[in-house]
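What follows is a single structure, written as C-alpha cells, with notes after it.
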Amino acid sequence: MSTQIPNNYRVLIVDDNDAIHQDYRKILGNGPSRDGLGLLEDALFGGSPTPQSPSRPVIQIDSAMQGQEGCAMVRKAREENQPYAVAFVDMRMPPGWDGLQTIREIWRADPDLNIVICTAFSDHSWSEIEAAAGDGDHLLVLKKPFEAIEVRRMVATLTAKWTLSARAKIKESELEELVSKRTTELHRAAMHDRLTGLPNRRLFNDRLTQAFELSRRQPNIHLAILFIDLDRFKWVNYSLGHEAGDLLLKGIGNRLANALRNCDSVGVNDSRDPVTARLGGDEFCVLLTGMTSDSDASLVAERILKELAKPFDILGHQVTTSASIGIAVASPDYQRAEDLVRDADTAMYRAKADGKGRSVPFDKTMHDQAVRRLMIESELHRAVEQNELVTYFQPVVSLETGQMTGAEALVRWQHPERGMIPPGEFISIAEETGYINVLGLVVLEAACRQLQDWKTRIPGLDLSISVNVSSKQLASRGFYPKVEFILFKTGLDPKSLILEITETVLVEATEQTSRNLQQIRDKGIRVYLDDFGTGYSSLGLLNKFHLDGLKIDRSFVDESTRVNHFAAIIQAIIGLAHSLGIEVVAEGVETTGQMALLQSLKCEKAQGYLFSCAVEASAFESLLMDKSKMPSIAKLAA
C-alpha cells in the first residue's frame with residue numbers, strides 16, 4: 001500500500017570540487033552541535049546553521065566527482081530500489097560531462113529524480129537550461145555562493161515532494177488496478193447470470209453466433225442447441241419459498257456442469273466444454289459443438305435428464321425435479337443462429353406436451369404447428385369480434401336422483417375457413433398472451449345469458465351453470481366488478497352460477513386473487529375446484545379457501561374399474577370432501593360400471609359421455625325438454 005513507502009532522504013552531490021561536497025555535508029549533516037571553530041567556519045563559508053533537532057531527519061548524502069559517475073550511481077540506486085530524492089549538480093565539471101549533459105543522462109536513468117543546478121558560471125545560457133527542464137517540475141536552480149538555509153529548505157521540500165509523488169503513483173496504480181478489477185467484474189456481471197454464475201442470454205448469443213458462423217464455413221463441425229425448461233419449478237417457489245427456488249436453480253446449474261464435464265463427444269469453439277447458459281427463470285440452454293455426429297446431442301440430453309432426476313437437498317427438504325429438453329441440430333437449411341434456439345424451444349414445448357421429463361428433437365412438423373399457433377394467436381382477436389366463439393354445454397347429473405342439475409359451459413371456435421377448432425388449441429394460447437381475460441368474460445356472459453333464457457322459457461327449471469375461470473382472470477383487479485355487471489345485465493341469480501378454478505389458482509393466489517374469491521362467495525356464487533388430484537392437492541388449500549365443491553379428474557375415473565387403487569383414491573377424495581362439507585362431481589364418466597362405483601362411494605354428481613357430450617345450446621335444450629334422449633338418466637331415475 002502507498003502508506004508503506006518510507007520518506008526518502010537520499011541526496012546525491014555531483015561536483016568536481018571536494019570542498020563543495022564538504023560544505024553540503026556540513027549544512028545537511030546530523031552530527032553534534034558545532035563548536036566555536038565550526039561556527040566561525042560556517043560564517044566564513046556561508047551561514048551559521050541552527051543546531052540539529054533530535055527530530056530532524058537524517059539526510060543520506062552520497063558524492064560523485066563527475067557526471068558519468070553520478071549517472072552510474074543514480075542508475076544503480078534505482079535498480080536496487082533505493083533511489084535518490086534530490087541531486088545537486090554543478091554546471092562545470094571538466095574534463096567530463098558538463099552539467100547539462102549530466103542532467104539529461106541522469107533523467108534517462110531516473111526520470112523521477114529532483115535536480116538542483118548549483119553553479120556560479122555556466123557554458124550554457126539560462127534559456128538552454130530552462131529548455132532542458134521541459135514542462136516538468138523536477139529542475140531548480142541554486143546560484144553559488146548559496147546560503148545554508150537555501151540548501152536545507154530545498155532538501156526538505158524536494159524530499160517531501162519526491163515521497164508524496166511516489167505515494168501518489170502507488171495510489172494511482174492501486175486505483176487503476178481497482179478500476180480494472182471492477183471493470184472486469186462489471187463485464188462479467190453483464191455477461192453472466194447473477195444467481196448461478198452461468199453465462200447469460202447475451203453471452204450465450206455471442207458464443208452461439210461465433211459457433212454458427214464457424215460451422216457454416218466448416219460443415220464437418222456439428223452444432224446443436226439443447227433448450228432446457230424445468231418441470232413444475234414454480235411449485236418449489238410456492239411451497240418452499242423463493243429462497244428454496246433460488247437454491248434449486250443454483251443446484252441445477254451445478255448439475256448441468258457435472259453432466260457436461262469431461263464429455264468426450266462435445267466441445268465449444270475447439271474447447272472441451274459446452275456453453276451452458278441460464279436464459280432467465282427456469283430456462284437453460286446448452287450449446288454443443290465439435291460433436292462427432294448429430295445423435296450425440298440426444299445422448300447429452302439423456303445424460304442431463306439423469307443428472308437432474310437425482311434428488312436435491314434444499315433447506316432440509318428432499319426436492320425432486322425433472323426437465324423437458326428440446327434439441328435442434330444445425331443444418332445447411334439454417335440461415336440464422338437464433339433460429340436454432342427458436343426451434344429448440346419449440347421442441348421443448350413438444351417434450352412438455354408429451355409428458356415432460358424427456359428430450360425431443362426438433363422436426364419440421366413442429367415448425368408448421370408453431371406457425372399454426374401464431375396464426376391462432378393473431379386470429380383469436382378477430383374471432384371474438386366476429387362472434388366466431390360458440391358456447392357448448394355438457395350436462396351435470398345427480399347420481400342419486402338421475403336429475404340434470406347443471407351444465408358446464410365449454411367454448412368452441414367455429415373458424416370460417418378451418419372449421420371447428422377445439423379449445424385445446426387456443427385456450428393455452430389465450431392464457432399465455434393474456435387474452436384469456438377477454439375470452440373468459442365472453443364465455444361467462446354467453447353462459448349466463450343462455451341459462452337465464454332457459455329459466456325464463458322453461459318454468460320451474462332448477463339448473464346451475466359452471467364456467468371455467470383462469471388464474472390470470474382471478475388475479476385481475478377488475479374481474480369481480482365485471483362478473484357482477486354480467487349478472488346484472490343478464491338477470492341471472494348468482495346462486496345459479498358456479499365458477500370452476502384449478503389448483504394452480506389457489507397455489508399462485510395473490511392478495512387480489514383471494515379478494516376476488518371472497519367477493520365472489522359473498523355474492524352467493526359457488527366456487528368449485530376442477531381437475532382435483534392432478535396437481536399438488538392439499539387439505540390446507542381446500543380449508544383455506546372454503547370451496548363449495550370439487551371435481552374428480554377424469555384420469556382417476558377412467559381407471560377406477562380396472563385398477564383397485566384408483567377406486568381407493570376416489571373413495572379417499574370423496575371422504576375428504578364430505579368431511580369439509582364440500583360437494584363432489586366426477587368427470588369423464590363413460591361406462592355404467594364407473595357410474596355404479598361412484599354411486600356406491602356416495603359421489604353426488606357426475607358428467608361425461610355416458611350422459612352426453614358437450615352440445616350446442618339448441619341440442620342441450622332438447623335434452624332438458626326430453627330426458628328420454630339421455631337413457632342413462634332414465635336408468636338412474638328408475
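Here, A, B, ... name the chains of the C-alpha cells in the order displayed, residue numbers run from 1 inside each chain, and ligands are numbered from 1 in the same displayed order.
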
Self-check item: All helix (DSSP H, G or I) residues (DSSP, backbone) inside range 231-404 of chain A, as number ranges by chain
Solution: A: 233-240, 242-260, 296-308, 337-353, 364-385

Practice problem: Find the spatial neighbours of range 214-228 of chain A, counting only C-alpha atoms, within a cut-off of 8 Å - ignore same-chain residues fewer than 4 positions away - and output them as a PyMOL selection string. | Solution: chain A and resi 210+283-294+297+301+323-330+332+340-341+344-345+348

Quiz prompt | Using only C-alpha atoms: which of A:Leu529, A:Asp522, A:Val483, A:Ala19 has the shortest distance to Thr502 in chain A | solution = A:Leu529

Exercise. Rank nothing, just name the residue among A:Leu178, A:Leu208, A:Ala77, A:Leu305 nearest to Asp229 in chain A, using only C-alpha atoms.
Key: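 Of A:Leu178, A:Leu208, A:Ala77, A:Leu305, the one nearest Asp229 in chain A, counting only C-alpha atoms, is A:Leu305.
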
Exercise. Compile the contact shell of Gln394 in chain A as a ChimeraX atom specification: residues with an atom at most 7 Å away, counting only C-alpha atoms, same-chain residues fewer than 4 positions apart removed.
Key: /A:407-409,612-615

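Of the residues listed (A:Glu508, A:Glu307, A:Glu431, A:Glu150), A:Glu431 shows the shortest atom-to-atom separation from Ser470 in chain A; distances use only C-alpha atoms.
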
Running DSSP on the backbone, which parts of range 142-381 of chain A land in strand (DSSP E), as a PDB file with N, CA, C and O atoms, in the first residue's frame?
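Result file is result.pdb:
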```pdb
ATOM      1  N   LEU A 142      20.142  26.830  -8.095  1.00  0.00           N
ATOM      2  CA  LEU A 142      20.738  27.419  -6.884  1.00  0.00           C
ATOM      3  C   LEU A 142      22.082  28.012  -7.275  1.00  0.00           C
ATOM      4  O   LEU A 142      22.999  27.300  -7.692  1.00  0.00           O
ATOM      5  N   LYS A 143      22.166  29.320  -7.179  1.00  0.00           N
ATOM      6  CA  LYS A 143      23.400  30.004  -7.616  1.00  0.00           C
ATOM      7  C   LYS A 143      24.389  30.103  -6.457  1.00  0.00           C
ATOM      8  O   LYS A 143      24.030  30.356  -5.321  1.00  0.00           O
ATOM      9  N   HIS A 222     -20.277 -30.267 -36.161  1.00  0.00           N
ATOM     10  CA  HIS A 222     -21.675 -30.497 -35.796  1.00  0.00           C
ATOM     11  C   HIS A 222     -22.058 -29.566 -34.642  1.00  0.00           C
ATOM     12  O   HIS A 222     -21.388 -29.526 -33.609  1.00  0.00           O
ATOM     13  N   LEU A 223     -23.135 -28.840 -34.838  1.00  0.00           N
ATOM     14  CA  LEU A 223     -23.581 -27.837 -33.862  1.00  0.00           C
ATOM     15  C   LEU A 223     -25.012 -28.143 -33.442  1.00  0.00           C
ATOM     16  O   LEU A 223     -25.855 -28.469 -34.276  1.00  0.00           O
ATOM     17  N   ALA A 224     -25.287 -28.047 -32.129  1.00  0.00           N
ATOM     18  CA  ALA A 224     -26.642 -28.332 -31.631  1.00  0.00           C
ATOM     19  C   ALA A 224     -26.956 -27.451 -30.434  1.00  0.00           C
ATOM     20  O   ALA A 224     -26.064 -26.981 -29.721  1.00  0.00           O
ATOM     21  N   ILE A 225     -28.257 -27.229 -30.227  1.00  0.00           N
ATOM     22  CA  ILE A 225     -28.768 -26.470 -29.086  1.00  0.00           C
ATOM     23  C   ILE A 225     -29.684 -27.374 -28.263  1.00  0.00           C
ATOM     24  O   ILE A 225     -30.549 -28.064 -28.809  1.00  0.00           O
ATOM     25  N   LEU A 226     -29.485 -27.374 -26.953  1.00  0.00           N
ATOM     26  CA  LEU A 226     -30.403 -28.033 -26.030  1.00  0.00           C
ATOM     27  C   LEU A 226     -31.132 -26.942 -25.244  1.00  0.00           C
ATOM     28  O   LEU A 226     -30.491 -26.163 -24.532  1.00  0.00           O
ATOM     29  N   PHE A 227     -32.436 -26.886 -25.400  1.00  0.00           N
ATOM     30  CA  PHE A 227     -33.230 -25.905 -24.648  1.00  0.00           C
ATOM     31  C   PHE A 227     -33.892 -26.649 -23.483  1.00  0.00           C
ATOM     32  O   PHE A 227     -34.679 -27.572 -23.689  1.00  0.00           O
ATOM     33  N   ILE A 228     -33.557 -26.238 -22.257  1.00  0.00           N
ATOM     34  CA  ILE A 228     -33.963 -26.965 -21.051  1.00  0.00           C
ATOM     35  C   ILE A 228     -34.923 -26.109 -20.229  1.00  0.00           C
ATOM     36  O   ILE A 228     -34.615 -24.959 -19.900  1.00  0.00           O
ATOM     37  N   ASP A 229     -36.059 -26.674 -19.900  1.00  0.00           N
ATOM     38  CA  ASP A 229     -37.027 -25.991 -19.043  1.00  0.00           C
ATOM     39  C   ASP A 229     -37.435 -26.952 -17.926  1.00  0.00           C
ATOM     40  O   ASP A 229     -37.816 -28.091 -18.188  1.00  0.00           O
ATOM     41  N   LEU A 230     -37.325 -26.485 -16.684  1.00  0.00           N
ATOM     42  CA  LEU A 230     -37.660 -27.343 -15.548  1.00  0.00           C
ATOM     43  C   LEU A 230     -39.163 -27.588 -15.499  1.00  0.00           C
ATOM     44  O   LEU A 230     -39.957 -26.713 -15.837  1.00  0.00           O
ATOM     45  N   VAL A 275     -21.088 -24.638 -23.818  1.00  0.00           N
ATOM     46  CA  VAL A 275     -21.527 -23.399 -23.178  1.00  0.00           C
ATOM     47  C   VAL A 275     -22.911 -23.638 -22.596  1.00  0.00           C
ATOM     48  O   VAL A 275     -23.854 -23.952 -23.321  1.00  0.00           O
ATOM     49  N   THR A 276     -23.015 -23.528 -21.274  1.00  0.00           N
ATOM     50  CA  THR A 276     -24.297 -23.685 -20.586  1.00  0.00           C
ATOM     51  C   THR A 276     -24.719 -22.324 -20.063  1.00  0.00           C
ATOM     52  O   THR A 276     -23.958 -21.665 -19.356  1.00  0.00           O
ATOM     53  N   ALA A 277     -25.921 -21.891 -20.405  1.00  0.00           N
ATOM     54  CA  ALA A 277     -26.383 -20.562 -20.009  1.00  0.00           C
ATOM     55  C   ALA A 277     -27.747 -20.651 -19.352  1.00  0.00           C
ATOM     56  O   ALA A 277     -28.540 -21.557 -19.634  1.00  0.00           O
ATOM     57  N   ARG A 278     -27.978 -19.711 -18.439  1.00  0.00           N
ATOM     58  CA  ARG A 278     -29.330 -19.541 -17.900  1.00  0.00           C
ATOM     59  C   ARG A 278     -29.949 -18.360 -18.632  1.00  0.00           C
ATOM     60  O   ARG A 278     -29.461 -17.228 -18.554  1.00  0.00           O
ATOM     61  N   LEU A 279     -31.037 -18.622 -19.351  1.00  0.00           N
ATOM     62  CA  LEU A 279     -31.677 -17.580 -20.143  1.00  0.00           C
ATOM     63  C   LEU A 279     -32.609 -16.724 -19.302  1.00  0.00           C
ATOM     64  O   LEU A 279     -32.967 -15.614 -19.691  1.00  0.00           O
ATOM     65  N   GLY A 280     -32.990 -17.222 -18.142  1.00  0.00           N
ATOM     66  CA  GLY A 280     -33.921 -16.497 -17.277  1.00  0.00           C
ATOM     67  C   GLY A 280     -34.926 -17.468 -16.685  1.00  0.00           C
ATOM     68  O   GLY A 280     -35.244 -18.499 -17.299  1.00  0.00           O
ATOM     69  N   GLU A 283     -35.271 -21.467 -17.282  1.00  0.00           N
ATOM     70  CA  GLU A 283     -34.865 -21.873 -18.627  1.00  0.00           C
ATOM     71  C   GLU A 283     -33.342 -21.840 -18.757  1.00  0.00           C
ATOM     72  O   GLU A 283     -32.705 -20.841 -18.412  1.00  0.00           O
ATOM     73  N   PHE A 284     -32.794 -22.930 -19.259  1.00  0.00           N
ATOM     74  CA  PHE A 284     -31.359 -23.039 -19.505  1.00  0.00           C
ATOM     75  C   PHE A 284     -31.138 -23.460 -20.955  1.00  0.00           C
ATOM     76  O   PHE A 284     -32.028 -24.042 -21.589  1.00  0.00           O
ATOM     77  N   CYS A 285     -29.957 -23.144 -21.463  1.00  0.00           N
ATOM     78  CA  CYS A 285     -29.631 -23.522 -22.831  1.00  0.00           C
ATOM     79  C   CYS A 285     -28.195 -24.032 -22.865  1.00  0.00           C
ATOM     80  O   CYS A 285     -27.316 -23.500 -22.165  1.00  0.00           O
ATOM     81  N   VAL A 286     -27.967 -25.060 -23.677  1.00  0.00           N
ATOM     82  CA  VAL A 286     -26.626 -25.625 -23.837  1.00  0.00           C
ATOM     83  C   VAL A 286     -26.256 -25.574 -25.306  1.00  0.00           C
ATOM     84  O   VAL A 286     -27.046 -25.992 -26.169  1.00  0.00           O
ATOM     85  N   LEU A 287     -25.067 -25.057 -25.584  1.00  0.00           N
ATOM     86  CA  LEU A 287     -24.528 -25.016 -26.943  1.00  0.00           C
ATOM     87  C   LEU A 287     -23.490 -26.112 -27.084  1.00  0.00           C
ATOM     88  O   LEU A 287     -22.508 -26.142 -26.346  1.00  0.00           O
ATOM     89  N   LEU A 288     -23.704 -27.007 -28.020  1.00  0.00           N
ATOM     90  CA  LEU A 288     -22.787 -28.117 -28.266  1.00  0.00           C
ATOM     91  C   LEU A 288     -22.150 -27.950 -29.640  1.00  0.00           C
ATOM     92  O   LEU A 288     -22.853 -27.752 -30.628  1.00  0.00           O
ATOM     93  N   THR A 289     -20.818 -28.020 -29.706  1.00  0.00           N
ATOM     94  CA  THR A 289     -20.128 -28.021 -30.997  1.00  0.00           C
ATOM     95  C   THR A 289     -19.064 -29.112 -30.963  1.00  0.00           C
ATOM     96  O   THR A 289     -18.742 -29.666 -29.915  1.00  0.00           O
ATOM     97  N   GLY A 290     -18.508 -29.397 -32.110  1.00  0.00           N
ATOM     98  CA  GLY A 290     -17.450 -30.392 -32.166  1.00  0.00           C
ATOM     99  C   GLY A 290     -17.942 -31.804 -31.983  1.00  0.00           C
ATOM    100  O   GLY A 290     -17.146 -32.703 -31.694  1.00  0.00           O
ATOM    101  N   MET A 291     -19.262 -32.045 -32.123  1.00  0.00           N
ATOM    102  CA  MET A 291     -19.775 -33.394 -31.958  1.00  0.00           C
ATOM    103  C   MET A 291     -19.354 -34.274 -33.129  1.00  0.00           C
ATOM    104  O   MET A 291     -19.170 -33.797 -34.247  1.00  0.00           O
ATOM    105  N   PHE A 312     -32.529 -33.235  -4.821  1.00  0.00           N
ATOM    106  CA  PHE A 312     -31.766 -32.091  -4.312  1.00  0.00           C
ATOM    107  C   PHE A 312     -32.095 -31.917  -2.833  1.00  0.00           C
ATOM    108  O   PHE A 312     -33.256 -32.046  -2.431  1.00  0.00           O
ATOM    109  N   ASP A 313     -31.086 -31.585  -2.045  1.00  0.00           N
ATOM    110  CA  ASP A 313     -31.304 -31.277  -0.630  1.00  0.00           C
ATOM    111  C   ASP A 313     -31.439 -29.761  -0.512  1.00  0.00           C
ATOM    112  O   ASP A 313     -30.459 -29.025  -0.579  1.00  0.00           O
ATOM    113  N   ILE A 314     -32.664 -29.281  -0.354  1.00  0.00           N
ATOM    114  CA  ILE A 314     -32.949 -27.850  -0.320  1.00  0.00           C
ATOM    115  C   ILE A 314     -33.556 -27.485   1.032  1.00  0.00           C
ATOM    116  O   ILE A 314     -34.679 -27.890   1.351  1.00  0.00           O
ATOM    117  N   HIS A 317     -35.113 -30.164   2.844  1.00  0.00           N
ATOM    118  CA  HIS A 317     -36.146 -30.910   2.121  1.00  0.00           C
ATOM    119  C   HIS A 317     -35.514 -31.659   0.954  1.00  0.00           C
ATOM    120  O   HIS A 317     -34.610 -31.150   0.282  1.00  0.00           O
ATOM    121  N   GLN A 318     -36.001 -32.867   0.709  1.00  0.00           N
ATOM    122  CA  GLN A 318     -35.601 -33.616  -0.471  1.00  0.00           C
ATOM    123  C   GLN A 318     -36.512 -33.197  -1.627  1.00  0.00           C
ATOM    124  O   GLN A 318     -37.705 -33.491  -1.625  1.00  0.00           O
ATOM    125  N   VAL A 319     -35.942 -32.469  -2.574  1.00  0.00           N
ATOM    126  CA  VAL A 319     -36.715 -31.947  -3.699  1.00  0.00           C
ATOM    127  C   VAL A 319     -36.321 -32.704  -4.961  1.00  0.00           C
ATOM    128  O   VAL A 319     -35.147 -32.772  -5.320  1.00  0.00           O
ATOM    129  N   ALA A 323     -36.904 -32.257 -16.099  1.00  0.00           N
ATOM    130  CA  ALA A 323     -36.799 -31.206 -17.100  1.00  0.00           C
ATOM    131  C   ALA A 323     -37.307 -31.711 -18.438  1.00  0.00           C
ATOM    132  O   ALA A 323     -37.307 -32.917 -18.713  1.00  0.00           O
ATOM    133  N   SER A 324     -37.759 -30.784 -19.231  1.00  0.00           N
ATOM    134  CA  SER A 324     -38.117 -31.071 -20.620  1.00  0.00           C
ATOM    135  C   SER A 324     -37.071 -30.414 -21.503  1.00  0.00           C
ATOM    136  O   SER A 324     -36.745 -29.235 -21.308  1.00  0.00           O
ATOM    137  N   ILE A 325     -36.522 -31.167 -22.460  1.00  0.00           N
ATOM    138  CA  ILE A 325     -35.414 -30.678 -23.275  1.00  0.00           C
ATOM    139  C   ILE A 325     -35.780 -30.749 -24.750  1.00  0.00           C
ATOM    140  O   ILE A 325     -36.206 -31.794 -25.248  1.00  0.00           O
ATOM    141  N   GLY A 326     -35.632 -29.623 -25.422  1.00  0.00           N
ATOM    142  CA  GLY A 326     -35.798 -29.579 -26.873  1.00  0.00           C
ATOM    143  C   GLY A 326     -34.433 -29.523 -27.537  1.00  0.00           C
ATOM    144  O   GLY A 326     -33.530 -28.831 -27.062  1.00  0.00           O
ATOM    145  N   ILE A 327     -34.265 -30.264 -28.617  1.00  0.00           N
ATOM    146  CA  ILE A 327     -32.974 -30.370 -29.300  1.00  0.00           C
ATOM    147  C   ILE A 327     -33.115 -29.854 -30.730  1.00  0.00           C
ATOM    148  O   ILE A 327     -34.043 -30.245 -31.448  1.00  0.00           O
ATOM    149  N   ALA A 328     -32.217 -28.963 -31.126  1.00  0.00           N
ATOM    150  CA  ALA A 328     -32.160 -28.506 -32.516  1.00  0.00           C
ATOM    151  C   ALA A 328     -30.731 -28.662 -33.007  1.00  0.00           C
ATOM    152  O   ALA A 328     -29.803 -28.128 -32.396  1.00  0.00           O
ATOM    153  N   VAL A 329     -30.547 -29.400 -34.094  1.00  0.00           N
ATOM    154  CA  VAL A 329     -29.228 -29.646 -34.674  1.00  0.00           C
ATOM    155  C   VAL A 329     -29.082 -28.792 -35.932  1.00  0.00           C
ATOM    156  O   VAL A 329     -29.981 -28.780 -36.790  1.00  0.00           O
ATOM    157  N   SER A 359     -36.553 -35.681 -23.603  1.00  0.00           N
ATOM    158  CA  SER A 359     -35.981 -34.827 -24.639  1.00  0.00           C
ATOM    159  C   SER A 359     -36.629 -35.167 -25.970  1.00  0.00           C
ATOM    160  O   SER A 359     -36.963 -36.326 -26.228  1.00  0.00           O
ATOM    161  N   VAL A 360     -36.798 -34.145 -26.799  1.00  0.00           N
ATOM    162  CA  VAL A 360     -37.425 -34.335 -28.112  1.00  0.00           C
ATOM    163  C   VAL A 360     -36.639 -33.545 -29.149  1.00  0.00           C
ATOM    164  O   VAL A 360     -36.441 -32.336 -28.983  1.00  0.00           O
ATOM    165  N   PRO A 361     -36.182 -34.190 -30.232  1.00  0.00           N
ATOM    166  CA  PRO A 361     -35.508 -33.460 -31.312  1.00  0.00           C
ATOM    167  C   PRO A 361     -36.531 -32.680 -32.143  1.00  0.00           C
ATOM    168  O   PRO A 361     -37.672 -33.121 -32.310  1.00  0.00           O
TER     169      PRO A 361
END
```

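With only C-alpha atoms as the atoms that count, the residue of A:Leu203, A:Ile20, A:Val300, A:Ala132 with the shortest distance to Ala259 in chain A is A:Val300.
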
Exercise. Quote the spacing between CA of His367 in chain A and CA of Asp343 in chain A in Å to one decimal place.
Key: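 We find that CA of His367 in chain A and CA of Asp343 in chain A lie 7.2 Å from each other.
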
Quiz prompt | Point-to-point distance from CA of Leu249 in chain A to CA of His192 in chain A, Å rounded to tenths | solution = 14.3 Å

Self-check item: Nearest to Glu604 in chain A, chosen from A:Gly99, A:Gly575, A:Gly251, A:Pro94, with only C-alpha atoms counted in the distances
Solution: A:Gly575

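Here CA of Phe212 in chain A and CA of Ala337 in chain A stand 5.9 Å from one another.
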